[in-house]
file run36.tsv (TSV, C-alpha atoms)
chain	number	residue	atom	x	y	z
A	7	MET	CA	-17.43	-16.38	-12.62
A	8	THR	CA	-16.99	-17.14	-8.93
A	9	ALA	CA	-16.96	-14.48	-6.21
A	10	ALA	CA	-13.18	-14.99	-5.80
A	11	ASP	CA	-12.69	-14.50	-9.56
A	12	GLN	CA	-14.77	-11.31	-9.40
A	13	ASP	CA	-12.67	-10.07	-6.46
A	14	HIS	CA	-9.44	-10.81	-8.35
A	15	ALA	CA	-10.73	-9.06	-11.46
A	16	GLU	CA	-11.73	-6.01	-9.42
A	17	PHE	CA	-8.38	-5.96	-7.61
A	18	ASP	CA	-6.50	-6.25	-10.92
A	19	ARG	CA	-8.60	-3.43	-12.39
A	20	LEU	CA	-7.75	-1.17	-9.45
A	21	TYR	CA	-4.11	-2.24	-9.16
A	22	ASN	CA	-3.38	-1.76	-12.89
A	23	GLY	CA	-5.69	1.20	-13.44
A	24	LEU	CA	-5.18	4.93	-13.36
A	25	LEU	CA	-3.64	6.02	-10.06
A	26	PHE	CA	-2.97	9.44	-8.62
A	27	SER	CA	0.23	10.31	-6.78
A	28	LEU	CA	0.38	12.13	-3.46
A	29	MET	CA	3.24	14.43	-4.39
A	30	SER	CA	3.70	16.55	-1.29
A	31	TRP	CA	3.90	15.57	2.34
A	32	GLU	CA	1.00	17.94	3.01
A	33	GLN	CA	-1.13	16.15	0.38
A	34	LEU	CA	-0.26	12.85	2.03
A	35	SER	CA	-1.29	14.11	5.48
A	36	ASP	CA	-4.59	15.38	4.08
A	37	PHE	CA	-5.15	12.09	2.25
A	38	TRP	CA	-4.58	9.96	5.37
A	39	ARG	CA	-7.25	12.04	7.17
A	40	ARG	CA	-9.77	11.32	4.39
A	41	ILE	CA	-9.41	7.54	4.63
A	42	ASP	CA	-12.38	5.92	6.31
A	43	THR	CA	-10.60	3.57	8.72
A	44	SER	CA	-13.84	1.71	9.40
A	45	ALA	CA	-14.49	0.95	5.72
A	46	GLY	CA	-12.99	-2.55	5.75
A	47	TRP	CA	-9.40	-2.41	4.50
A	48	TYR	CA	-7.17	-5.33	3.57
A	49	LEU	CA	-3.62	-4.44	4.64
A	50	TYR	CA	-0.99	-6.34	2.67
A	51	ALA	CA	2.79	-6.25	2.83
A	52	ILE	CA	4.23	-7.53	-0.45
A	53	GLY	CA	6.23	-10.71	0.14
A	54	GLU	CA	4.18	-11.64	3.21
A	55	ALA	CA	1.06	-13.78	3.47
A	56	LEU	CA	-2.13	-12.33	2.06
A	57	PRO	CA	-4.38	-10.91	4.76
A	58	GLU	CA	-6.96	-13.38	6.02
A	59	GLY	CA	-9.60	-10.68	6.34
A	60	ILE	CA	-10.21	-7.01	6.70
A	61	SER	CA	-8.44	-4.96	9.29
A	62	ASN	CA	-10.44	-3.40	12.09
A	63	GLU	CA	-10.66	0.36	12.50
A	64	GLU	CA	-8.03	0.50	15.24
A	65	ALA	CA	-5.48	-1.51	13.25
A	66	THR	CA	-6.10	0.53	10.11
A	67	SER	CA	-5.60	3.78	12.03
A	68	ARG	CA	-2.40	2.41	13.58
A	69	PHE	CA	-1.16	1.29	10.14
A	70	LEU	CA	-1.69	4.79	8.75
A	71	ARG	CA	0.25	6.35	11.65
A	72	GLU	CA	3.08	3.85	11.47
A	73	ILE	CA	3.46	3.78	7.67
A	74	ASP	CA	3.41	7.59	7.63
A	75	ALA	CA	6.20	7.69	10.21
A	76	LEU	CA	8.22	5.10	8.25
A	77	LEU	CA	7.84	7.01	4.96
A	78	ARG	CA	8.80	10.34	6.51
A	79	ARG	CA	11.80	8.79	8.26
A	80	ASP	CA	13.13	6.77	5.31
A	81	HIS	CA	12.19	8.82	2.22
A	82	HIS	CA	14.90	11.46	2.25
A	83	GLU	CA	13.20	13.88	-0.12
A	84	ASP	CA	11.31	17.12	0.39
A	85	TYR	CA	8.35	15.59	-1.46
A	86	CYS	CA	6.40	12.34	-1.09
A	87	GLY	CA	5.58	10.94	-4.54
A	88	ILE	CA	5.64	7.27	-3.44
A	89	VAL	CA	1.99	6.81	-2.44
A	90	TYR	CA	-0.61	6.26	-5.17
A	91	THR	CA	-4.38	5.83	-5.06
A	92	ASP	CA	-7.29	5.21	-7.37
A	93	ASP	CA	-9.32	8.07	-5.84
A	94	LEU	CA	-8.01	11.02	-3.83
A	95	GLU	CA	-11.31	11.57	-2.01
A	96	SER	CA	-12.75	8.07	-1.53
A	97	PRO	CA	-10.04	5.49	-2.23
A	98	CYS	CA	-10.50	1.76	-2.78
A	99	LEU	CA	-6.81	1.03	-3.38
A	100	VAL	CA	-3.61	2.61	-2.07
A	101	LYS	CA	-0.14	1.55	-3.25
A	102	ILE	CA	2.67	2.54	-0.92
A	103	TYR	CA	6.18	2.17	-2.28
A	104	ASP	CA	9.07	1.33	0.00
A	105	PRO	CA	11.50	4.28	0.06
A	106	ASN	CA	14.37	1.79	0.32
A	107	ASN	CA	13.29	-0.13	-2.81
A	108	LEU	CA	12.35	2.38	-5.49
A	109	GLY	CA	14.71	1.29	-8.26
A	110	SER	CA	15.35	3.82	-11.01
A	111	SER	CA	11.80	5.16	-10.82
A	112	CYS	CA	8.69	4.46	-8.77
A	113	GLY	CA	7.04	1.40	-10.17
A	114	GLY	CA	9.12	1.05	-13.31
A	115	THR	CA	7.52	-0.31	-16.46
A	116	GLY	CA	6.89	-3.60	-18.18
A	117	LYS	CA	8.32	-6.82	-16.83
A	118	HIS	CA	10.77	-4.92	-14.61
A	119	ALA	CA	8.09	-3.04	-12.71
A	120	ILE	CA	8.92	-2.63	-9.05
A	121	PRO	CA	5.97	-3.62	-6.88
A	122	PRO	CA	4.87	-1.46	-3.98
A	123	GLY	CA	5.95	-2.38	-0.48
A	124	TRP	CA	2.41	-2.26	0.92
A	125	ILE	CA	-1.14	-2.20	-0.37
A	126	MET	CA	-4.34	-1.05	1.25
A	127	SER	CA	-7.36	-2.39	-0.61
A	128	ARG	CA	-11.11	-2.45	-0.09
A	129	VAL	CA	-11.27	-5.67	-2.16
A	130	PRO	CA	-9.29	-8.83	-1.35
A	131	PRO	CA	-5.83	-8.46	-2.87
A	132	ARG	CA	-4.18	-10.93	-5.18
A	133	GLU	CA	-0.69	-12.11	-4.28
A	134	ILE	CA	1.99	-9.84	-5.75
A	135	ALA	CA	5.50	-11.18	-6.24
A	136	PRO	CA	8.16	-9.08	-4.53
A	137	GLY	CA	10.67	-7.42	-6.81
A	138	GLY	CA	13.56	-9.03	-4.94
A	139	VAL	CA	14.51	-10.00	-1.44
A	140	ILE	CA	12.48	-8.24	1.25
A	141	ALA	CA	14.85	-6.59	3.71
A	142	GLY	CA	14.87	-8.03	7.22
A	143	ASN	CA	14.05	-4.68	8.78
A	144	ARG	CA	10.88	-4.46	6.67
A	145	ARG	CA	9.81	-7.97	7.66
A	146	ARG	CA	10.43	-7.10	11.32
A	147	TRP	CA	8.47	-3.84	10.93
A	148	TRP	CA	5.50	-5.75	9.47
A	149	GLN	CA	5.65	-8.46	12.14
A	150	ALA	CA	5.76	-5.82	14.87
A	151	PHE	CA	2.78	-4.11	13.27
A	152	LEU	CA	0.80	-7.38	13.14
A	153	GLU	CA	1.61	-8.11	16.77
A	154	GLY	CA	0.29	-4.65	17.62
call {"tool": "encode", "arguments": {"input": "run36.tsv", "output": "C-alpha cells"}}
result
Amino acid sequence: MTAADQDHAEFDRLYNGLLFSLMSWEQLSDFWRRIDTSAGWYLYAIGEALPEGISNEEATSRFLREIDALLRRDHHEDYCGIVYTDDLESPCLVKIYDPNNLGSSCGGTGKHAIPPGWIMSRVPPREIAPGGVIAGNRRRWWQAFLEG
C-alpha cells in the first residue's frame, strides 16, 4: 500500500467513522479554542480543488474565525448542531455543514447523504463530490478566504 493509499484509507476511516456533534454555540466556541492551529490542518471546501498542502497557523486561525462568523450569521437556530468531529478534545477531522445546504437533515443517509460544506483534516482529504451546485456566494467566500 502506498503512502497516498494509506492517507486515503485513514481519511475515509475518519470521515465515515463515529463523529460527535457540537450542539450548542457555547460548545462550538469552546471547541474552536481547543483546536491546535499549528497542528497542520488541510482546509477543504467541498466542490473546490483539494488543498495542495497544510494550512499555516495564521490561515487556520483565520479560517476558524471566519467560518464561525459565517455559521452564526447563516444558521438561524438557537443551537449549532452542524459541526461534527472525531474527537472533542484533540480532533483529527472536523466536518462543517453549510447552513444553507442542510437538506432534510444534517448529512442524510445512504446514497442521498448531503456532504459537508467544509472539512478540516489532519490527514490529506480525498475529493468529495458536492451534493449539488455550490452557491456563488459560497465560492466567493472561499476565494476571499484563500486570498486572505
call {"tool": "closest_residue", "arguments": {"input": "run36.tsv", "among": "A:Ala10, A:Ala45, A:Leu24, A:Ala135", "to": "Ser96 of chain A", "atoms": "all atoms listed in the file"}}
result
A:Ala45
call {"tool": "atom_distance", "arguments": {"input": "run36.tsv", "atom1": "atom CA of Pro121 of chain A", "atom2": "atom CA of Asp13 of chain A"}}
result
19.7 Å
call {"tool": "residues_around", "arguments": {"input": "run36.tsv", "residues": "segment 29-37 of chain A", "least_positions_apart": "3", "cutoff": "8 Å", "atoms": "all atoms listed in the file", "output": "ChimeraX atom specification"}}
result
/A:40-41,84-89,94-95
call {"tool": "write_last_selection", "arguments": {"input": "run36.tsv", "atoms": "C-alpha atoms", "output": "short mmCIF file (atom, residue, chain, number, x, y, z; two decimals), in the frame of the given file"}}
result
data_model
loop_
_atom_site.label_atom_id
_atom_site.label_comp_id
_atom_site.auth_asym_id
_atom_site.auth_seq_id
_atom_site.Cartn_x
_atom_site.Cartn_y
_atom_site.Cartn_z
CA ARG A 40 -9.77 11.32 4.39
CA ILE A 41 -9.41 7.54 4.63
CA ASP A 84 11.31 17.12 0.39
CA TYR A 85 8.35 15.59 -1.46
CA CYS A 86 6.40 12.34 -1.09
CA GLY A 87 5.58 10.94 -4.54
CA ILE A 88 5.64 7.27 -3.44
CA VAL A 89 1.99 6.81 -2.44
CA LEU A 94 -8.01 11.02 -3.83
CA GLU A 95 -11.31 11.57 -2.01
#
call {"tool": "atom_distance", "arguments": {"input": "run36.tsv", "atom1": "atom CA of Ile120 of chain A", "atom2": "atom CA of Glu153 of chain A"}}
result
27.4 Å
call {"tool": "closest_residue", "arguments": {"input": "run36.tsv", "among": "A:Cys98, A:Val139, A:Ala9, A:Ile52", "to": "Pro122 of chain A", "atoms": "all atoms listed in the file"}}
result
A:Ile52
call {"tool": "residues_around", "arguments": {"input": "run36.tsv", "residues": "Ile140 of chain A", "least_positions_apart": "4", "cutoff": "12 Å", "atoms": "all atoms listed in the file", "output": "VMD selection string"}}
result
chain A and resid 51 to 54 104 106 to 107 121 to 124 135 to 136 144 to 148
call {"tool": "atom_distance", "arguments": {"input": "run36.tsv", "atom1": "atom CA of Ser127 of chain A", "atom2": "atom CA of Gly142 of chain A"}}
result
24.2 Å
call {"tool": "closest_residue", "arguments": {"input": "run36.tsv", "among": "A:His14, A:Arg71, A:Arg128, A:Arg19", "to": "Leu49 of chain A", "atoms": "only C-alpha atoms"}}
result
A:Arg128
